[in-house]
>>> print(open('work-v5.tsv').read())   # TSV, C-alpha atoms
chain	number	residue	atom	x	y	z
A	1	GLY	CA	-14.59	217.19	87.69
A	2	SER	CA	-18.07	216.20	86.63
A	3	ALA	CA	-18.49	218.49	83.61
A	4	ALA	CA	-17.78	216.99	80.21
A	5	PRO	CA	-14.60	218.29	78.59
A	6	THR	CA	-14.97	220.93	75.92
A	7	LEU	CA	-14.26	220.19	72.29
A	8	ALA	CA	-11.09	222.31	72.57
A	9	GLN	CA	-9.95	220.18	75.51
A	10	ILE	CA	-10.67	216.98	73.57
A	11	ASN	CA	-8.59	218.36	70.69
A	12	GLY	CA	-5.82	219.06	73.20
A	13	PHE	CA	-5.99	215.46	74.40
A	14	ASN	CA	-5.68	214.25	70.80
A	15	GLN	CA	-2.63	216.44	70.27
A	16	SER	CA	-0.97	214.89	73.33
A	17	SER	CA	-1.53	211.27	72.30
A	18	ILE	CA	-0.11	209.17	69.49
A	19	THR	CA	-2.31	206.09	69.86
A	20	CYS	CA	-5.53	207.34	71.52
A	21	LYS	CA	-8.09	209.45	69.74
A	22	ALA	CA	-11.01	211.09	71.48
A	23	TRP	CA	-14.18	212.57	70.10
A	24	GLN	CA	-17.40	214.13	71.28
A	25	ASP	CA	-20.75	212.68	70.19
A	26	LYS	CA	-23.78	214.78	69.21
A	27	GLY	CA	-24.87	214.85	72.85
A	28	GLY	CA	-21.50	216.18	73.99
A	29	LYS	CA	-20.39	212.90	75.59
A	30	PRO	CA	-16.66	212.15	75.25
A	31	HIS	CA	-15.38	208.85	73.84
A	32	VAL	CA	-11.94	207.39	73.17
A	33	MET	CA	-10.68	204.82	70.68
A	34	TYR	CA	-7.53	202.96	69.80
A	35	SER	CA	-7.14	201.70	66.25
A	36	ALA	CA	-4.97	198.82	65.17
A	37	MET	CA	-4.64	196.81	62.01
A	38	VAL	CA	-4.16	193.15	62.81
A	39	THR	CA	-3.52	190.17	60.57
A	40	SER	CA	-3.29	186.42	60.99
A	41	ALA	CA	0.50	186.84	60.94
A	42	ASP	CA	0.48	188.87	64.19
A	43	THR	CA	2.03	187.09	67.12
A	44	ARG	CA	0.70	186.76	70.64
A	45	ASP	CA	3.36	189.25	71.78
A	46	GLU	CA	2.18	191.79	69.19
A	47	MET	CA	-1.42	191.38	70.33
A	48	GLN	CA	-0.33	191.87	73.95
A	49	LEU	CA	1.32	195.14	72.89
A	50	HIS	CA	-1.99	196.28	71.36
A	51	VAL	CA	-3.92	195.33	74.50
A	52	GLY	CA	-1.35	197.18	76.62
A	53	ALA	CA	-1.62	200.26	74.41
A	54	TRP	CA	-5.44	200.16	74.69
A	55	GLN	CA	-5.21	199.84	78.47
A	56	GLY	CA	-2.86	202.84	78.47
A	57	CYS	CA	-5.38	204.79	76.37
A	58	LEU	CA	-8.16	204.02	78.82
A	59	ALA	CA	-6.00	205.05	81.78
A	60	SER	CA	-4.87	208.29	80.12
A	61	PHE	CA	-8.39	209.18	79.03
A	62	GLY	CA	-9.67	208.47	82.53
A	63	GLU	CA	-7.07	210.84	83.98
A	64	PHE	CA	-8.04	213.43	81.38
A	65	LEU	CA	-11.74	213.15	82.23
A	66	MET	CA	-11.06	213.64	85.94
A	67	ASP	CA	-9.35	217.00	85.34
A	68	PRO	CA	-9.08	218.12	81.70
A	69	PRO	CA	-7.23	221.42	82.42
A	70	GLY	CA	-4.79	219.75	84.82
A	71	TYR	CA	-4.15	216.84	82.45
A	72	LEU	CA	-3.50	219.16	79.52
A	73	ALA	CA	-1.26	221.43	81.60
A	74	SER	CA	1.08	218.50	82.28
A	75	ALA	CA	0.75	216.79	78.86
A	76	PRO	CA	3.83	216.44	76.69
>>> encode(input="work-v5.tsv", output="structure tokens")
Amino acid sequence: GSAAPTLAQINGFNQSSITCKAWQDKGGKPHVMYSAMVTSADTRDEMQLHVGAWQGCLASFGEFLMDPPGYLASAP
């Protein structure tokens, strides 16, 4: 689909994801973010987990943007 998802669909995406949060800017454009608190004590393995989670967020959000109703229909 080429139409931007609705705010209700973005809220549905947020309800289906633990680590990814989406929002709609003032122009109606969708965005996604992944938040993580990191410290100097974090190991390389822990950082790789964060990068993997972010990559998963990007992939999931990409699937969502391609077909919001279809994605939400099959979301957990």
>>> atom_distance(input="work-v5.tsv", atom1="atom CA of A:Pro5", atom2="atom CA of A:Gln55")
20.7 Å
>>> closest_residue(input="work-v5.tsv", among="A:Gly56, A:Pro30, A:Pro69, A:Gly62", to="A:Ile18", atoms="all atoms listed in the file")
A:Gly56
>>> atom_distance(input="work-v5.tsv", atom1="atom CA of A:Ala73", atom2="atom CA of A:Ala8")
13.4 Å
>>> residues_around(input="work-v5.tsv", residues="A:Lys29", least_positions_apart="5", cutoff="9 Å", atoms="all atoms listed in the file", output="list in words")
Ala4, Pro5, Trp23 and Gln24 of chain A
>>> closest_residue(input="work-v5.tsv", among="A:Ala41, A:Ala59, A:Leu7, A:Met66", to="A:Gly28", atoms="all atoms listed in the file")
A:Leu7
>>> residues_around(input="work-v5.tsv", residues="A:Cys20", least_positions_apart="3", cutoff="8 Å", atoms="all atoms listed in the file", output="PyMOL selection string")
chain A and resi 14+17+32-35+54+57
>>> closest_residue(input="work-v5.tsv", among="A:His31, A:Tyr71, A:Phe61, A:Thr19", to="A:Leu49", atoms="all atoms listed in the file")
A:Thr19
>>> atom_distance(input="work-v5.tsv", atom1="atom CA of A:Thr6", atom2="atom CA of A:Ser74")
17.4 Å
>>> decode(input="work-v5.tsv", residues="stretch 32-66 of chain A", atoms="N, CA, C and O atoms", output="PDB file, in the first residue's frame")
ATOM      1  N   VAL A  32       9.272   5.081  13.448  1.00  0.00           N
ATOM      2  CA  VAL A  32       9.411   4.031  14.454  1.00  0.00           C
ATOM      3  C   VAL A  32      10.701   4.263  15.237  1.00  0.00           C
ATOM      4  O   VAL A  32      11.665   4.838  14.710  1.00  0.00           O
ATOM      5  N   MET A  33      10.689   3.847  16.500  1.00  0.00           N
ATOM      6  CA  MET A  33      11.888   3.983  17.325  1.00  0.00           C
ATOM      7  C   MET A  33      12.039   2.757  18.222  1.00  0.00           C
ATOM      8  O   MET A  33      11.083   2.031  18.491  1.00  0.00           O
ATOM      9  N   TYR A  34      13.260   2.560  18.640  1.00  0.00           N
ATOM     10  CA  TYR A  34      13.615   1.534  19.612  1.00  0.00           C
ATOM     11  C   TYR A  34      14.447   2.232  20.663  1.00  0.00           C
ATOM     12  O   TYR A  34      15.425   2.910  20.331  1.00  0.00           O
ATOM     13  N   SER A  35      14.065   2.117  21.905  1.00  0.00           N
ATOM     14  CA  SER A  35      14.790   2.775  22.987  1.00  0.00           C
ATOM     15  C   SER A  35      15.554   1.762  23.802  1.00  0.00           C
ATOM     16  O   SER A  35      15.049   0.663  24.075  1.00  0.00           O
ATOM     17  N   ALA A  36      16.757   2.141  24.192  1.00  0.00           N
ATOM     18  CA  ALA A  36      17.570   1.270  25.032  1.00  0.00           C
ATOM     19  C   ALA A  36      18.454   2.129  25.925  1.00  0.00           C
ATOM     20  O   ALA A  36      19.000   3.132  25.480  1.00  0.00           O
ATOM     21  N   MET A  37      18.552   1.722  27.160  1.00  0.00           N
ATOM     22  CA  MET A  37      19.503   2.370  28.060  1.00  0.00           C
ATOM     23  C   MET A  37      20.778   1.542  28.023  1.00  0.00           C
ATOM     24  O   MET A  37      20.746   0.330  28.219  1.00  0.00           O
ATOM     25  N   VAL A  38      21.879   2.187  27.747  1.00  0.00           N
ATOM     26  CA  VAL A  38      23.163   1.494  27.695  1.00  0.00           C
ATOM     27  C   VAL A  38      24.126   2.160  28.669  1.00  0.00           C
ATOM     28  O   VAL A  38      24.008   3.345  28.967  1.00  0.00           O
ATOM     29  N   THR A  39      25.050   1.361  29.168  1.00  0.00           N
ATOM     30  CA  THR A  39      26.072   1.872  30.078  1.00  0.00           C
ATOM     31  C   THR A  39      27.426   1.336  29.646  1.00  0.00           C
ATOM     32  O   THR A  39      27.519   0.426  28.809  1.00  0.00           O
ATOM     33  N   SER A  40      28.462   1.857  30.248  1.00  0.00           N
ATOM     34  CA  SER A  40      29.817   1.389  29.930  1.00  0.00           C
ATOM     35  C   SER A  40      30.026  -0.056  30.379  1.00  0.00           C
ATOM     36  O   SER A  40      30.961  -0.712  29.934  1.00  0.00           O
ATOM     37  N   ALA A  41      29.142  -0.565  31.229  1.00  0.00           N
ATOM     38  CA  ALA A  41      29.255  -1.952  31.687  1.00  0.00           C
ATOM     39  C   ALA A  41      28.647  -2.945  30.695  1.00  0.00           C
ATOM     40  O   ALA A  41      28.833  -4.155  30.834  1.00  0.00           O
ATOM     41  N   ASP A  42      27.910  -2.455  29.693  1.00  0.00           N
ATOM     42  CA  ASP A  42      27.294  -3.360  28.722  1.00  0.00           C
ATOM     43  C   ASP A  42      28.361  -4.069  27.904  1.00  0.00           C
ATOM     44  O   ASP A  42      29.368  -3.465  27.514  1.00  0.00           O
ATOM     45  N   THR A  43      28.113  -5.324  27.651  1.00  0.00           N
ATOM     46  CA  THR A  43      29.069  -6.124  26.878  1.00  0.00           C
ATOM     47  C   THR A  43      28.769  -6.015  25.389  1.00  0.00           C
ATOM     48  O   THR A  43      27.710  -5.548  24.976  1.00  0.00           O
ATOM     49  N   ARG A  44      29.708  -6.503  24.596  1.00  0.00           N
ATOM     50  CA  ARG A  44      29.517  -6.549  23.146  1.00  0.00           C
ATOM     51  C   ARG A  44      28.284  -7.390  22.814  1.00  0.00           C
ATOM     52  O   ARG A  44      27.493  -7.026  21.948  1.00  0.00           O
ATOM     53  N   ASP A  45      28.116  -8.513  23.513  1.00  0.00           N
ATOM     54  CA  ASP A  45      26.955  -9.375  23.261  1.00  0.00           C
ATOM     55  C   ASP A  45      25.648  -8.635  23.546  1.00  0.00           C
ATOM     56  O   ASP A  45      24.674  -8.772  22.803  1.00  0.00           O
ATOM     57  N   GLU A  46      25.613  -7.860  24.617  1.00  0.00           N
ATOM     58  CA  GLU A  46      24.412  -7.090  24.943  1.00  0.00           C
ATOM     59  C   GLU A  46      24.130  -6.041  23.864  1.00  0.00           C
ATOM     60  O   GLU A  46      22.973  -5.846  23.466  1.00  0.00           O
ATOM     61  N   MET A  47      25.168  -5.402  23.368  1.00  0.00           N
ATOM     62  CA  MET A  47      24.978  -4.416  22.306  1.00  0.00           C
ATOM     63  C   MET A  47      24.488  -5.094  21.030  1.00  0.00           C
ATOM     64  O   MET A  47      23.639  -4.558  20.326  1.00  0.00           O
ATOM     65  N   GLN A  48      24.986  -6.288  20.743  1.00  0.00           N
ATOM     66  CA  GLN A  48      24.518  -7.022  19.569  1.00  0.00           C
ATOM     67  C   GLN A  48      23.040  -7.383  19.707  1.00  0.00           C
ATOM     68  O   GLN A  48      22.302  -7.373  18.713  1.00  0.00           O
ATOM     69  N   LEU A  49      22.585  -7.679  20.922  1.00  0.00           N
ATOM     70  CA  LEU A  49      21.165  -7.928  21.153  1.00  0.00           C
ATOM     71  C   LEU A  49      20.342  -6.683  20.840  1.00  0.00           C
ATOM     72  O   LEU A  49      19.285  -6.779  20.218  1.00  0.00           O
ATOM     73  N   HIS A  50      20.831  -5.508  21.259  1.00  0.00           N
ATOM     74  CA  HIS A  50      20.117  -4.259  20.965  1.00  0.00           C
ATOM     75  C   HIS A  50      20.061  -4.006  19.458  1.00  0.00           C
ATOM     76  O   HIS A  50      19.019  -3.621  18.929  1.00  0.00           O
ATOM     77  N   VAL A  51      21.182  -4.212  18.774  1.00  0.00           N
ATOM     78  CA  VAL A  51      21.202  -4.004  17.324  1.00  0.00           C
ATOM     79  C   VAL A  51      20.242  -4.980  16.644  1.00  0.00           C
ATOM     80  O   VAL A  51      19.483  -4.600  15.747  1.00  0.00           O
ATOM     81  N   GLY A  52      20.223  -6.220  17.102  1.00  0.00           N
ATOM     82  CA  GLY A  52      19.294  -7.206  16.547  1.00  0.00           C
ATOM     83  C   GLY A  52      17.841  -6.823  16.785  1.00  0.00           C
ATOM     84  O   GLY A  52      16.990  -6.964  15.898  1.00  0.00           O
ATOM     85  N   ALA A  53      17.551  -6.315  17.971  1.00  0.00           N
ATOM     86  CA  ALA A  53      16.184  -5.884  18.281  1.00  0.00           C
ATOM     87  C   ALA A  53      15.792  -4.707  17.385  1.00  0.00           C
ATOM     88  O   ALA A  53      14.670  -4.656  16.879  1.00  0.00           O
ATOM     89  N   TRP A  54      16.711  -3.767  17.169  1.00  0.00           N
ATOM     90  CA  TRP A  54      16.432  -2.618  16.305  1.00  0.00           C
ATOM     91  C   TRP A  54      16.201  -3.076  14.866  1.00  0.00           C
ATOM     92  O   TRP A  54      15.282  -2.623  14.194  1.00  0.00           O
ATOM     93  N   GLN A  55      17.015  -4.021  14.401  1.00  0.00           N
ATOM     94  CA  GLN A  55      16.819  -4.555  13.051  1.00  0.00           C
ATOM     95  C   GLN A  55      15.456  -5.239  12.944  1.00  0.00           C
ATOM     96  O   GLN A  55      14.770  -5.119  11.918  1.00  0.00           O
ATOM     97  N   GLY A  56      15.050  -5.948  13.995  1.00  0.00           N
ATOM     98  CA  GLY A  56      13.733  -6.570  14.020  1.00  0.00           C
ATOM     99  C   GLY A  56      12.621  -5.536  13.982  1.00  0.00           C
ATOM    100  O   GLY A  56      11.609  -5.719  13.303  1.00  0.00           O
ATOM    101  N   CYS A  57      12.816  -4.425  14.697  1.00  0.00           N
ATOM    102  CA  CYS A  57      11.833  -3.330  14.674  1.00  0.00           C
ATOM    103  C   CYS A  57      11.682  -2.788  13.259  1.00  0.00           C
ATOM    104  O   CYS A  57      10.563  -2.586  12.780  1.00  0.00           O
ATOM    105  N   LEU A  58      12.805  -2.539  12.618  1.00  0.00           N
ATOM    106  CA  LEU A  58      12.757  -1.991  11.258  1.00  0.00           C
ATOM    107  C   LEU A  58      12.053  -2.951  10.310  1.00  0.00           C
ATOM    108  O   LEU A  58      11.242  -2.534   9.480  1.00  0.00           O
ATOM    109  N   ALA A  59      12.346  -4.244  10.446  1.00  0.00           N
ATOM    110  CA  ALA A  59      11.700  -5.234   9.576  1.00  0.00           C
ATOM    111  C   ALA A  59      10.202  -5.302   9.841  1.00  0.00           C
ATOM    112  O   ALA A  59       9.398  -5.297   8.898  1.00  0.00           O
ATOM    113  N   SER A  60       9.811  -5.350  11.106  1.00  0.00           N
ATOM    114  CA  SER A  60       8.387  -5.410  11.454  1.00  0.00           C
ATOM    115  C   SER A  60       7.655  -4.167  10.986  1.00  0.00           C
ATOM    116  O   SER A  60       6.552  -4.249  10.438  1.00  0.00           O
ATOM    117  N   PHE A  61       8.257  -2.995  11.197  1.00  0.00           N
ATOM    118  CA  PHE A  61       7.605  -1.755  10.794  1.00  0.00           C
ATOM    119  C   PHE A  61       7.496  -1.682   9.270  1.00  0.00           C
ATOM    120  O   PHE A  61       6.487  -1.206   8.743  1.00  0.00           O
ATOM    121  N   GLY A  62       8.499  -2.177   8.582  1.00  0.00           N
ATOM    122  CA  GLY A  62       8.436  -2.229   7.120  1.00  0.00           C
ATOM    123  C   GLY A  62       7.291  -3.102   6.643  1.00  0.00           C
ATOM    124  O   GLY A  62       6.551  -2.730   5.725  1.00  0.00           O
ATOM    125  N   GLU A  63       7.128  -4.265   7.270  1.00  0.00           N
ATOM    126  CA  GLU A  63       6.002  -5.153   6.930  1.00  0.00           C
ATOM    127  C   GLU A  63       4.679  -4.459   7.218  1.00  0.00           C
ATOM    128  O   GLU A  63       3.729  -4.543   6.427  1.00  0.00           O
ATOM    129  N   PHE A  64       4.599  -3.783   8.343  1.00  0.00           N
ATOM    130  CA  PHE A  64       3.397  -3.042   8.722  1.00  0.00           C
ATOM    131  C   PHE A  64       3.059  -1.981   7.675  1.00  0.00           C
ATOM    132  O   PHE A  64       1.909  -1.851   7.247  1.00  0.00           O
ATOM    133  N   LEU A  65       4.072  -1.214   7.243  1.00  0.00           N
ATOM    134  CA  LEU A  65       3.825  -0.139   6.288  1.00  0.00           C
ATOM    135  C   LEU A  65       3.360  -0.661   4.931  1.00  0.00           C
ATOM    136  O   LEU A  65       2.606   0.016   4.241  1.00  0.00           O
ATOM    137  N   MET A  66       3.789  -1.853   4.559  1.00  0.00           N
ATOM    138  CA  MET A  66       3.386  -2.427   3.278  1.00  0.00           C
ATOM    139  C   MET A  66       1.893  -2.762   3.257  1.00  0.00           C
ATOM    140  O   MET A  66       1.248  -2.657   2.219  1.00  0.00           O
TER     141      MET A  66
END
